[in-house]
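Asks: Below is a structure I'd like to ask you about.
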Amino acid sequence: MTLSLHAALVPEWLQILGGCRAVIDKAAAHCAETGLDETELVEARLAPDMRPFKYQIKSCTVHTRGAVEHARTGLAAPDFNNSPGTLGALATQLGETIAFLNELDPAEFESFIGRDLVFTIPGTEYRRDYAVENFLLGFSRQNFHFHAVTAYAILRMKGVNIGKVDYLGAWPVKA
Amino acid sequence: MPLTLHAALIPGWQQIIGSARKLIDTAREHCAAHGIAESDLVEARLIADMHPFSYQIKSCDVHSRGAIEGVRGGLFVPDRSEPPATLDALAERLDTTLAFLAALDPAELDSFVGKDLVFTIGSKFRREFTAENFLLGFSQPNVYFHATTAYALLRMKGVAIGKADYLGALPVKSTAA
């Protein structure tokens with residue numbers, strides 16, 4: 001028995017995005033309880049030359065919703081937009097991403113298979129060619145998890161009271 | 001055109017676990033170049049009450065090879081054994097994982113779809129899944145969770161790595177064609 005491309009990707013994206021969304025609420029609660037300035041978390045990094053929490057959360061949208069938009073056009077490039085600067089704005093962005101993914105038509109997803117996608121970095125010679133399904137399964141998915149886990153790791157390092165079950169979100173157990 | 005369960009999961013795992021395997025070599029070189037004790041990286045944690053690098057690497061094996069073995073028997077029980085304690089032993093563990101994944105028969109993976117899987121911890125915790133939902137929605141996010149955390153630990157410790165090292169061999173079209 002086979003799977004649809006939608007079944008292989010979208011439920012798990014929604015699961016982990018739900019986990020990230022809940023973790024932002026815990027971060028806000030942590031600030032309220034401890035009197036910590038929210039900026040301390042929004043701008044927190046694992047290493048000084050690494051990107052901050054807000055960028056990690058923004059990238060969860062870039063590599064899910066953005067990836068689907070790239071699949072539609074066959075063209076992909078890095079998103080250099082600024083990241084939302086508050087926990088509230090980051091939560092709103094993730095909420096919009098979740099709504100977007102919930103509206104996706106599995107049939108549209110299937111139509112992506114076998115189509116071409118070109119990833120370029122404007123102003124450079126960088127160009128990589130993918131079949132759309134390989135881009136989604138082998139680039140977008142890994143990037144998405146990378147940024148979602150890094151966002152979690154930053155809060156964990158900062159002492160927010162979260163554990164791996166918060167990251168894993170709602171497991172797809174039997175009803 | 002639909003996908004096989006194998007195509008949906010295994011190449012992504014090989015890609016990311018392959019990267020984790022290389023990160024261990026990079027970690028070893030970092031120790032040699034900077035005169036750092038290996039145990040400094042093997043035991044590194046993001047925060048005191050979190051599992052160390054060795055556990056993160058071991059968990060990449062538990063949630064990939066271990067998950068497939070669990071599905072074969074219909075039962076997944078987390079592996080509570082001690083993680084390998086040296087970079088060499090961790091590298092060896094991931095070599096075992098990668099060889100196991102490379103040898104998987106896609107037809108066997110497809111035969112898992114619709115099978116039952118029970119996940120238990122002790123006598124009190126029990127969750128029931130279909131095998132494909134377990135692999136896609138439990139094992140898969142766990143593999144990425146632990147692989148990324150392993151990367152994050154080395155990054156925090158100052159090892160010279162970037163996201164490209166985590167992403168590994170991207171599934172681009174063959175340029176030879």
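We label chains A, B, ... in the order they appear in the structure tokens, count residues from 1 in each chain, and number ligands from 1 in the order shown.
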Please build the interface table for chain A against chain B with a cut-off of 9 Å, listing for each qualifying residue the nearest atom pair and the distance in Å to one decimal; count only C-alpha atoms, order rows by chain and increasing number, and write it as CSV.
Replies:
residue,atom,partner,partner_atom,distance
A:Met1,CA,B:Asp110,CA,5.8
A:Thr2,CA,B:Thr4,CA,4.8
A:Leu3,CA,B:Leu3,CA,5.1
A:Ser4,CA,B:Pro2,CA,4.8
A:Leu5,CA,B:Leu3,CA,6.3
A:Ala8,CA,B:Ala8,CA,5.8
A:Leu9,CA,B:Ala8,CA,8.2
A:Pro11,CA,B:Gly137,CA,7.9
A:Glu12,CA,B:Gly137,CA,5.7
A:Gln15,CA,B:Gly137,CA,7.8
A:Ile16,CA,B:Pro141,CA,7.9
A:Leu46,CA,B:Met156,CA,5.6
A:Ala47,CA,B:Met156,CA,5.1
A:Pro48,CA,B:Met156,CA,8.7
A:Met50,CA,B:Arg155,CA,8.5
A:Glu110,CA,B:Met1,CA,6.5
A:Ser111,CA,B:Met1,CA,8.0
A:Ile113,CA,B:Met1,CA,6.8
A:Gly114,CA,B:Met1,CA,8.6
A:Arg128,CA,B:Val172,CA,6.4
A:Asp129,CA,B:Lys173,CA,5.7
A:Tyr130,CA,B:Val172,CA,4.8
A:Ala131,CA,B:Lys173,CA,7.0
A:Asn134,CA,B:Pro171,CA,6.0
A:Phe135,CA,B:Pro171,CA,7.1
A:Leu137,CA,B:Gly12,CA,6.9
A:Gly138,CA,B:Gly12,CA,5.7
A:Phe139,CA,B:Leu170,CA,6.6
A:Arg141,CA,B:Gly12,CA,8.5
A:Gln142,CA,B:Leu167,CA,6.7
A:Asn143,CA,B:Leu167,CA,7.5
A:His145,CA,B:Tyr144,CA,6.1
A:Phe146,CA,B:Thr148,CA,5.7
A:His147,CA,B:Thr148,CA,8.6
A:Ala148,CA,B:Phe145,CA,8.6
A:Val149,CA,B:Phe145,CA,5.8
A:Thr150,CA,B:Ala152,CA,7.1
A:Ala153,CA,B:Thr149,CA,7.2
A:Ile154,CA,B:Leu46,CA,8.4
A:Arg156,CA,B:Ile47,CA,7.2
A:Met157,CA,B:Ile47,CA,5.2
A:Lys158,CA,B:Ile47,CA,8.1
A:Gly159,CA,B:Ile47,CA,7.8
A:Lys164,CA,B:Phe145,CA,8.5
A:Tyr167,CA,B:Phe145,CA,8.5
A:Leu168,CA,B:Pro141,CA,6.9
A:Ala170,CA,B:Gly137,CA,9.0
A:Trp171,CA,B:Gly137,CA,6.3
A:Pro172,CA,B:Asn133,CA,6.0
A:Val173,CA,B:Phe129,CA,4.7
A:Lys174,CA,B:Phe129,CA,5.2
A:Ala175,CA,B:Glu128,CA,8.8
Asks: Got time to write the residues from that selection, N, CA and C atoms, as a compact mmCIF listing (two decimals), in the first residue's frame?
Replies:
# COMPACT_ATOMS: atom_id res chain seq x y z
N MET A 1 0.84 -1.19 0.00
CA MET A 1 0.00 0.00 0.00
C MET A 1 0.88 1.25 0.00
N THR A 2 0.44 2.24 -0.69
CA THR A 2 1.26 3.45 -0.85
C THR A 2 0.65 4.60 -0.07
N LEU A 3 1.39 5.68 -0.04
CA LEU A 3 1.00 6.89 0.68
C LEU A 3 0.88 8.03 -0.31
N SER A 4 0.07 9.01 0.04
CA SER A 4 0.09 10.24 -0.75
C SER A 4 1.24 11.12 -0.25
N LEU A 5 1.71 12.01 -1.11
CA LEU A 5 2.75 12.96 -0.69
C LEU A 5 2.23 13.83 0.45
N ALA A 8 2.46 11.95 3.62
CA ALA A 8 3.86 11.77 4.05
C ALA A 8 4.41 13.02 4.73
N LEU A 9 3.81 14.16 4.48
CA LEU A 9 4.39 15.42 4.97
C LEU A 9 3.50 16.26 5.87
N PRO A 11 0.56 16.06 7.74
CA PRO A 11 0.13 15.82 9.13
C PRO A 11 1.28 16.00 10.11
N GLU A 12 2.47 15.58 9.72
CA GLU A 12 3.59 15.72 10.64
C GLU A 12 4.01 17.18 10.79
N GLN A 15 1.61 18.58 13.18
CA GLN A 15 1.88 18.05 14.54
C GLN A 15 2.99 18.86 15.21
N ILE A 16 4.10 19.04 14.51
CA ILE A 16 5.25 19.72 15.11
C ILE A 16 5.01 21.23 15.21
N LEU A 46 21.99 29.87 20.61
CA LEU A 46 22.80 28.79 21.20
C LEU A 46 24.28 29.15 21.20
N ALA A 47 24.70 29.92 20.21
CA ALA A 47 26.09 30.38 20.11
C ALA A 47 26.01 31.79 19.52
N PRO A 48 26.99 32.65 19.84
CA PRO A 48 26.87 34.06 19.45
C PRO A 48 26.70 34.27 17.94
N MET A 50 25.11 32.35 15.87
CA MET A 50 23.98 31.57 15.38
C MET A 50 22.75 32.45 15.40
N GLU A 110 -0.54 15.95 -4.77
CA GLU A 110 -0.15 14.85 -5.66
C GLU A 110 0.30 15.38 -7.01
N SER A 111 -0.29 16.50 -7.41
CA SER A 111 0.06 17.05 -8.73
C SER A 111 1.49 17.61 -8.75
N ILE A 113 4.10 15.98 -7.78
CA ILE A 113 5.09 14.90 -7.98
C ILE A 113 5.59 14.88 -9.43
N GLY A 114 6.91 14.88 -9.57
CA GLY A 114 7.52 14.81 -10.89
C GLY A 114 7.76 16.17 -11.51
N ARG A 128 20.31 24.87 -7.61
CA ARG A 128 20.14 23.43 -7.47
C ARG A 128 18.79 23.05 -8.08
N ASP A 129 18.78 21.96 -8.82
CA ASP A 129 17.55 21.49 -9.47
C ASP A 129 17.02 20.26 -8.75
N TYR A 130 15.74 20.26 -8.49
CA TYR A 130 15.09 19.16 -7.77
C TYR A 130 13.83 18.73 -8.51
N ALA A 131 13.43 17.48 -8.31
CA ALA A 131 12.02 17.11 -8.50
C ALA A 131 11.30 17.67 -7.27
N ASN A 134 11.21 15.57 -4.12
CA ASN A 134 12.50 15.43 -3.43
C ASN A 134 12.87 16.71 -2.69
N PHE A 135 12.49 17.84 -3.25
CA PHE A 135 12.71 19.12 -2.55
C PHE A 135 11.92 19.12 -1.23
N LEU A 137 10.62 16.51 0.46
CA LEU A 137 10.98 15.41 1.38
C LEU A 137 12.42 15.49 1.86
N GLY A 138 13.30 16.11 1.08
CA GLY A 138 14.73 16.04 1.38
C GLY A 138 15.39 17.38 1.65
N PHE A 139 14.66 18.48 1.46
CA PHE A 139 15.21 19.80 1.78
C PHE A 139 14.29 20.53 2.76
N ARG A 141 11.69 19.45 4.50
CA ARG A 141 11.39 18.72 5.74
C ARG A 141 12.55 18.79 6.74
N GLN A 142 13.77 18.58 6.25
CA GLN A 142 14.93 18.61 7.14
C GLN A 142 15.16 20.01 7.69
N ASN A 143 14.96 21.01 6.84
CA ASN A 143 15.11 22.38 7.31
C ASN A 143 14.05 22.72 8.34
N HIS A 145 12.47 20.74 10.43
CA HIS A 145 12.80 20.12 11.72
C HIS A 145 14.00 20.79 12.37
N PHE A 146 14.96 21.12 11.54
CA PHE A 146 16.16 21.78 12.06
C PHE A 146 15.78 23.03 12.85
N HIS A 147 14.95 23.87 12.26
CA HIS A 147 14.61 25.14 12.91
C HIS A 147 13.64 24.93 14.07
N ALA A 148 12.72 23.98 13.92
CA ALA A 148 11.77 23.73 15.02
C ALA A 148 12.51 23.20 16.25
N VAL A 149 13.45 22.27 16.04
CA VAL A 149 14.20 21.71 17.16
C VAL A 149 15.13 22.77 17.76
N THR A 150 15.73 23.59 16.90
CA THR A 150 16.63 24.62 17.42
C THR A 150 15.86 25.64 18.26
N ALA A 153 15.36 23.98 21.47
CA ALA A 153 16.63 23.87 22.21
C ALA A 153 17.01 25.19 22.88
N ILE A 154 16.74 26.29 22.18
CA ILE A 154 17.06 27.61 22.74
C ILE A 154 16.25 27.85 24.01
N ARG A 156 14.85 25.61 25.91
CA ARG A 156 15.27 24.62 26.91
C ARG A 156 16.54 25.10 27.60
N MET A 157 17.48 25.61 26.80
CA MET A 157 18.74 26.11 27.36
C MET A 157 18.49 27.30 28.28
N LYS A 158 17.48 28.11 27.94
CA LYS A 158 17.15 29.29 28.73
C LYS A 158 16.33 28.97 29.98
N GLY A 159 16.04 27.68 30.19
CA GLY A 159 15.37 27.30 31.43
C GLY A 159 13.85 27.31 31.39
N LYS A 164 10.58 17.07 25.78
CA LYS A 164 10.43 16.59 24.40
C LYS A 164 8.96 16.36 24.03
N TYR A 167 7.58 19.28 22.33
CA TYR A 167 8.01 19.38 20.94
C TYR A 167 7.22 18.44 20.04
N LEU A 168 6.99 17.23 20.51
CA LEU A 168 6.38 16.21 19.66
C LEU A 168 4.90 16.47 19.38
N ALA A 170 0.84 16.59 19.26
CA ALA A 170 -0.23 15.58 19.37
C ALA A 170 0.12 14.37 18.52
N TRP A 171 0.45 13.27 19.16
CA TRP A 171 0.86 12.06 18.43
C TRP A 171 -0.32 11.48 17.64
N PRO A 172 -0.02 10.91 16.48
CA PRO A 172 -1.09 10.32 15.66
C PRO A 172 -1.47 8.92 16.13
N VAL A 173 -1.93 8.83 17.39
CA VAL A 173 -2.35 7.53 17.93
C VAL A 173 -3.70 7.15 17.36
N LYS A 174 -4.07 5.88 17.55
CA LYS A 174 -5.38 5.43 17.12
C LYS A 174 -6.46 6.12 17.95
N ALA A 175 -7.57 6.38 17.31
CA ALA A 175 -8.70 7.06 18.02
C ALA A 175 -9.21 6.14 19.12
Asks: Set the distance at 12 Å and use only C-alpha atoms: which residues neighbour A:Cys60 once local chain neighbours fewer than 3 positions away are removed? I'd like the list as a compact mmCIF listing (two decimals) with all heavy atoms, in the first residue's frame.
Replies:
# COMPACT_ATOMS: atom_id res chain seq x y z
N TRP A 13 3.96 17.94 9.70
CA TRP A 13 4.23 19.38 9.83
C TRP A 13 3.26 20.01 10.82
O TRP A 13 3.65 20.79 11.68
CB TRP A 13 4.08 20.07 8.47
CG TRP A 13 5.23 19.89 7.52
CD1 TRP A 13 6.45 19.34 7.81
CD2 TRP A 13 5.28 20.30 6.15
NE1 TRP A 13 7.24 19.37 6.69
CE2 TRP A 13 6.55 19.95 5.66
CE3 TRP A 13 4.38 20.91 5.29
CZ2 TRP A 13 6.95 20.21 4.33
CZ3 TRP A 13 4.75 21.18 3.98
CH2 TRP A 13 6.02 20.83 3.50
N LEU A 14 1.99 19.67 10.68
CA LEU A 14 0.97 20.25 11.57
C LEU A 14 1.21 19.82 13.02
O LEU A 14 1.04 20.62 13.95
CB LEU A 14 -0.43 19.84 11.11
CG LEU A 14 -0.93 20.61 9.88
CD1 LEU A 14 -2.15 19.92 9.27
CD2 LEU A 14 -1.28 22.05 10.24
N ILE A 16 4.10 19.04 14.51
CA ILE A 16 5.25 19.72 15.11
C ILE A 16 5.01 21.23 15.21
O ILE A 16 5.41 21.86 16.20
CB ILE A 16 6.54 19.40 14.31
CG1 ILE A 16 6.81 17.89 14.31
CG2 ILE A 16 7.74 20.18 14.85
CD1 ILE A 16 6.96 17.24 15.67
N LEU A 17 4.32 21.81 14.23
CA LEU A 17 3.98 23.24 14.34
C LEU A 17 3.07 23.47 15.54
O LEU A 17 3.19 24.49 16.23
CB LEU A 17 3.30 23.72 13.05
CG LEU A 17 4.24 23.90 11.85
CD1 LEU A 17 3.41 24.08 10.57
CD2 LEU A 17 5.18 25.10 12.03
N GLY A 18 2.15 22.56 15.78
CA GLY A 18 1.30 22.66 16.97
C GLY A 18 2.14 22.62 18.24
O GLY A 18 1.90 23.38 19.19
N GLY A 19 3.17 21.76 18.24
CA GLY A 19 4.08 21.70 19.37
C GLY A 19 4.82 23.02 19.56
O GLY A 19 4.92 23.55 20.67
N CYS A 20 5.29 23.59 18.45
CA CYS A 20 6.03 24.88 18.52
C CYS A 20 5.12 26.00 19.01
O CYS A 20 5.53 26.84 19.82
CB CYS A 20 6.56 25.28 17.14
SG CYS A 20 7.88 24.24 16.57
N ARG A 21 3.90 25.99 18.52
CA ARG A 21 2.93 27.02 18.91
C ARG A 21 2.68 26.97 20.43
O ARG A 21 2.64 28.01 21.10
CB ARG A 21 1.64 26.78 18.10
CG ARG A 21 0.50 27.69 18.37
CD ARG A 21 0.78 29.10 17.89
NE ARG A 21 -0.25 29.99 18.39
CZ ARG A 21 -0.36 30.37 19.66
NH1 ARG A 21 0.50 29.96 20.56
NH2 ARG A 21 -1.33 31.18 20.03
N PHE A 53 16.16 32.88 18.34
CA PHE A 53 14.88 32.17 18.43
C PHE A 53 13.87 32.66 17.40
O PHE A 53 13.22 31.86 16.73
CB PHE A 53 14.33 32.35 19.86
CG PHE A 53 13.00 31.70 20.08
CD1 PHE A 53 12.89 30.32 20.27
CD2 PHE A 53 11.83 32.46 20.11
CE1 PHE A 53 11.66 29.72 20.47
CE2 PHE A 53 10.59 31.86 20.31
CZ PHE A 53 10.49 30.49 20.49
N LYS A 54 13.73 33.97 17.26
CA LYS A 54 12.69 34.49 16.35
C LYS A 54 12.94 34.01 14.92
O LYS A 54 11.99 33.71 14.19
CB LYS A 54 12.63 36.03 16.42
CG LYS A 54 13.89 36.73 15.95
CD LYS A 54 13.76 38.26 16.11
CE LYS A 54 15.06 38.91 15.63
NZ LYS A 54 15.05 40.36 15.84
N TYR A 55 14.21 33.92 14.52
CA TYR A 55 14.53 33.45 13.17
C TYR A 55 14.19 31.96 13.03
O TYR A 55 13.72 31.51 11.98
CB TYR A 55 16.01 33.68 12.87
CG TYR A 55 16.44 33.20 11.50
CD1 TYR A 55 16.33 34.01 10.38
CD2 TYR A 55 16.93 31.90 11.32
CE1 TYR A 55 16.70 33.56 9.13
CE2 TYR A 55 17.30 31.43 10.07
CZ TYR A 55 17.19 32.27 8.97
OH TYR A 55 17.55 31.81 7.72
N GLN A 56 14.45 31.20 14.09
CA GLN A 56 14.15 29.77 14.04
C GLN A 56 12.65 29.55 13.85
O GLN A 56 12.23 28.71 13.05
CB GLN A 56 14.63 29.08 15.33
CG GLN A 56 16.08 29.36 15.72
CD GLN A 56 17.12 28.93 14.71
OE1 GLN A 56 16.86 28.06 13.87
NE2 GLN A 56 18.30 29.53 14.76
N ILE A 57 11.85 30.32 14.58
CA ILE A 57 10.39 30.17 14.45
C ILE A 57 9.91 30.64 13.08
O ILE A 57 9.11 29.97 12.43
CB ILE A 57 9.67 30.95 15.59
CG1 ILE A 57 9.94 30.28 16.94
CG2 ILE A 57 8.17 31.06 15.32
CD1 ILE A 57 9.30 28.91 17.13
N HIS A 63 9.81 26.98 5.65
CA HIS A 63 10.06 25.63 5.12
C HIS A 63 8.82 24.74 5.09
O HIS A 63 8.93 23.55 4.83
CB HIS A 63 11.21 24.99 5.88
CG HIS A 63 12.52 25.67 5.61
ND1 HIS A 63 13.15 25.62 4.39
CD2 HIS A 63 13.29 26.47 6.39
CE1 HIS A 63 14.26 26.34 4.43
NE2 HIS A 63 14.36 26.88 5.63
N THR A 64 7.65 25.29 5.40
CA THR A 64 6.39 24.53 5.26
C THR A 64 5.49 25.30 4.29
O THR A 64 5.43 24.97 3.11
CB THR A 64 5.71 24.33 6.62
OG1 THR A 64 5.51 25.59 7.27
CG2 THR A 64 6.54 23.43 7.51
N ARG A 65 4.86 26.35 4.79
CA ARG A 65 4.02 27.17 3.91
C ARG A 65 4.82 27.69 2.71
O ARG A 65 4.39 27.61 1.56
CB ARG A 65 3.46 28.35 4.72
CG ARG A 65 2.65 29.29 3.87
CD ARG A 65 2.15 30.47 4.68
NE ARG A 65 1.37 31.31 3.81
CZ ARG A 65 0.43 32.14 4.21
NH1 ARG A 65 0.16 32.26 5.48
NH2 ARG A 65 -0.24 32.86 3.35
N GLY A 66 6.01 28.23 2.98
CA GLY A 66 6.85 28.76 1.91
C GLY A 66 7.23 27.67 0.91
O GLY A 66 7.24 27.91 -0.30
N ALA A 67 7.50 26.47 1.42
CA ALA A 67 7.89 25.36 0.54
C ALA A 67 6.75 25.00 -0.41
O ALA A 67 6.97 24.71 -1.59
CB ALA A 67 8.30 24.15 1.37
N ASP A 79 14.29 33.19 2.06
CA ASP A 79 13.43 34.29 2.49
C ASP A 79 14.25 35.21 3.40
O ASP A 79 14.66 34.80 4.48
CB ASP A 79 12.24 33.68 3.25
CG ASP A 79 11.29 34.72 3.79
OD1 ASP A 79 11.72 35.87 4.00
OD2 ASP A 79 10.13 34.36 4.02
N SER A 83 12.26 38.67 10.82
CA SER A 83 11.46 37.79 11.67
C SER A 83 10.56 38.64 12.56
O SER A 83 10.97 39.72 12.99
CB SER A 83 12.38 36.95 12.55
OG SER A 83 13.38 36.34 11.78
N LEU A 90 5.17 36.13 16.75
CA LEU A 90 5.66 34.81 16.30
C LEU A 90 4.52 33.78 16.38
O LEU A 90 4.36 32.95 15.48
CB LEU A 90 6.86 34.36 17.15
CG LEU A 90 8.15 35.16 16.90
CD1 LEU A 90 9.16 34.93 18.02
CD2 LEU A 90 8.76 34.80 15.54
N ALA A 91 3.74 33.86 17.46
CA ALA A 91 2.61 32.93 17.61
C ALA A 91 1.57 33.16 16.52
O ALA A 91 1.02 32.21 15.96
CB ALA A 91 1.99 33.09 19.00
N GLN A 93 2.12 34.35 13.52
CA GLN A 93 2.64 33.82 12.25
C GLN A 93 2.47 32.29 12.18
O GLN A 93 2.03 31.76 11.16
CB GLN A 93 4.10 34.21 12.08
CG GLN A 93 4.65 33.84 10.71
CD GLN A 93 6.12 34.18 10.57
OE1 GLN A 93 6.96 33.74 11.36
NE2 GLN A 93 6.46 34.99 9.57
N LEU A 94 2.78 31.61 13.27
CA LEU A 94 2.63 30.14 13.26
C LEU A 94 1.16 29.76 13.12
O LEU A 94 0.82 28.79 12.44
CB LEU A 94 3.18 29.52 14.54
CG LEU A 94 4.69 29.31 14.65
CD1 LEU A 94 4.99 28.41 15.84
CD2 LEU A 94 5.27 28.71 13.38
N GLY A 95 0.27 30.53 13.76
CA GLY A 95 -1.16 30.26 13.64
C GLY A 95 -1.62 30.37 12.19
O GLY A 95 -2.40 29.53 11.70
N GLU A 96 -1.10 31.36 11.48
CA GLU A 96 -1.46 31.53 10.06
C GLU A 96 -0.91 30.38 9.23
O GLU A 96 -1.56 29.91 8.29
CB GLU A 96 -0.91 32.86 9.54
CG GLU A 96 -1.67 34.07 10.09
CD GLU A 96 -0.98 35.41 9.83
OE1 GLU A 96 0.09 35.43 9.18
OE2 GLU A 96 -1.51 36.42 10.33
N THR A 97 0.29 29.94 9.56
CA THR A 97 0.89 28.81 8.83
C THR A 97 0.06 27.54 9.03
O THR A 97 -0.20 26.80 8.07
CB THR A 97 2.34 28.59 9.33
OG1 THR A 97 3.05 29.80 9.14
CG2 THR A 97 3.02 27.45 8.59
N ILE A 98 -0.36 27.32 10.26
CA ILE A 98 -1.17 26.13 10.56
C ILE A 98 -2.49 26.20 9.79
O ILE A 98 -2.92 25.20 9.20
CB ILE A 98 -1.38 26.02 12.09
CG1 ILE A 98 -0.05 25.64 12.76
CG2 ILE A 98 -2.48 25.02 12.44
CD1 ILE A 98 -0.03 25.78 14.28
N SER A 140 13.04 20.70 2.36
CA SER A 140 12.10 21.45 3.21
C SER A 140 11.90 20.76 4.55
O SER A 140 11.92 21.40 5.60
CB SER A 140 10.75 21.57 2.51
OG SER A 140 10.92 22.06 1.20
N ARG A 141 11.69 19.45 4.50
CA ARG A 141 11.39 18.72 5.74
C ARG A 141 12.55 18.79 6.74
O ARG A 141 12.34 19.04 7.92
CB ARG A 141 11.05 17.26 5.42
CG ARG A 141 10.64 16.49 6.64
CD ARG A 141 10.04 15.15 6.29
NE ARG A 141 10.97 14.32 5.58
CZ ARG A 141 10.67 13.10 5.13
NH1 ARG A 141 9.47 12.60 5.30
NH2 ARG A 141 11.56 12.39 4.49
N GLN A 142 13.77 18.58 6.25
CA GLN A 142 14.93 18.61 7.14
C GLN A 142 15.16 20.01 7.69
O GLN A 142 15.50 20.19 8.86
CB GLN A 142 16.19 18.14 6.39
CG GLN A 142 16.26 16.65 6.14
CD GLN A 142 15.26 16.17 5.12
OE1 GLN A 142 14.65 16.95 4.42
NE2 GLN A 142 15.07 14.86 5.02
N ASN A 143 14.96 21.01 6.84
CA ASN A 143 15.11 22.38 7.31
C ASN A 143 14.05 22.72 8.34
O ASN A 143 14.33 23.38 9.36
CB ASN A 143 15.00 23.36 6.13
CG ASN A 143 16.35 23.65 5.52
OD1 ASN A 143 17.17 24.34 6.11
ND2 ASN A 143 16.61 23.10 4.35
N PHE A 144 12.83 22.31 8.07
CA PHE A 144 11.75 22.57 9.02
C PHE A 144 12.09 22.00 10.40
O PHE A 144 12.02 22.70 11.42
CB PHE A 144 10.44 21.98 8.49
CG PHE A 144 9.37 21.91 9.53
CD1 PHE A 144 8.90 23.05 10.15
CD2 PHE A 144 8.86 20.68 9.93
CE1 PHE A 144 7.92 22.98 11.13
CE2 PHE A 144 7.89 20.60 10.92
CZ PHE A 144 7.42 21.76 11.53
N HIS A 145 12.47 20.74 10.43
CA HIS A 145 12.80 20.12 11.72
C HIS A 145 14.00 20.79 12.37
O HIS A 145 14.05 20.95 13.58
CB HIS A 145 13.07 18.63 11.55
CG HIS A 145 11.82 17.82 11.46
ND1 HIS A 145 11.06 17.55 12.56
CD2 HIS A 145 11.19 17.26 10.42
CE1 HIS A 145 10.00 16.83 12.19
NE2 HIS A 145 10.06 16.65 10.90
N PHE A 146 14.96 21.12 11.54
CA PHE A 146 16.16 21.78 12.06
C PHE A 146 15.78 23.03 12.85
O PHE A 146 16.22 23.23 13.99
CB PHE A 146 17.09 22.15 10.89
CG PHE A 146 18.36 22.82 11.30
CD1 PHE A 146 19.48 22.06 11.61
CD2 PHE A 146 18.46 24.20 11.38
CE1 PHE A 146 20.67 22.68 11.99
CE2 PHE A 146 19.63 24.81 11.76
CZ PHE A 146 20.74 24.05 12.07
N HIS A 147 14.95 23.87 12.26
CA HIS A 147 14.61 25.14 12.91
C HIS A 147 13.64 24.93 14.07
O HIS A 147 13.73 25.62 15.09
CB HIS A 147 14.09 26.13 11.88
CG HIS A 147 15.15 26.54 10.91
ND1 HIS A 147 16.23 27.32 11.28
CD2 HIS A 147 15.36 26.25 9.60
CE1 HIS A 147 17.03 27.51 10.23
NE2 HIS A 147 16.52 26.86 9.20
N ALA A 148 12.72 23.98 13.92
CA ALA A 148 11.77 23.73 15.02
C ALA A 148 12.51 23.20 16.25
O ALA A 148 12.27 23.64 17.37
CB ALA A 148 10.70 22.73 14.56
N VAL A 149 13.45 22.27 16.04
CA VAL A 149 14.20 21.71 17.16
C VAL A 149 15.13 22.77 17.76
O VAL A 149 15.28 22.85 18.98
CB VAL A 149 15.01 20.47 16.74
CG1 VAL A 149 15.87 19.96 17.90
CG2 VAL A 149 14.09 19.36 16.25
N THR A 150 15.73 23.59 16.90
CA THR A 150 16.63 24.62 17.42
C THR A 150 15.86 25.64 18.26
O THR A 150 16.35 26.08 19.31
CB THR A 150 17.40 25.29 16.26
OG1 THR A 150 18.08 24.27 15.52
CG2 THR A 150 18.41 26.30 16.76
N ALA A 151 14.66 26.00 17.82
CA ALA A 151 13.81 26.90 18.62
C ALA A 151 13.56 26.29 20.00
O ALA A 151 13.71 26.94 21.04
CB ALA A 151 12.49 27.17 17.90
N TYR A 152 13.19 25.01 19.99
CA TYR A 152 12.95 24.29 21.25
C TYR A 152 14.23 24.30 22.11
O TYR A 152 14.18 24.58 23.31
CB TYR A 152 12.51 22.86 20.93
CG TYR A 152 12.53 21.94 22.12
CD1 TYR A 152 11.40 21.78 22.92
CD2 TYR A 152 13.69 21.25 22.47
CE1 TYR A 152 11.42 20.95 24.03
CE2 TYR A 152 13.73 20.43 23.58
CZ TYR A 152 12.59 20.28 24.35
OH TYR A 152 12.63 19.47 25.46
Asks: Excluding B:Ala44 and any residue of its chain fewer than 3 positions from it, enumerate the residues within 8 Å of it, using only C-alpha atoms, and give them as a list of chain:residue names.
Replies: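 The contact residues come out as B:Ser39, B:Asp40, B:Leu41, B:Pro52, B:Phe53, B:Leu153, B:Lys157.
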Asks: Using only C-alpha atoms, which residues sit within 10 Å of stretch 87-100 of chain B once same-chain residues fewer than 3 positions away are excluded, as an NGL selection string?
Replies: :B and (13-15 or 17-18 or 20-25 or 27-28 or 38-39 or 41-42 or 53-55 or 57-58 or 60-62 or 64-66 or 68 or 83-84 or 103-104)
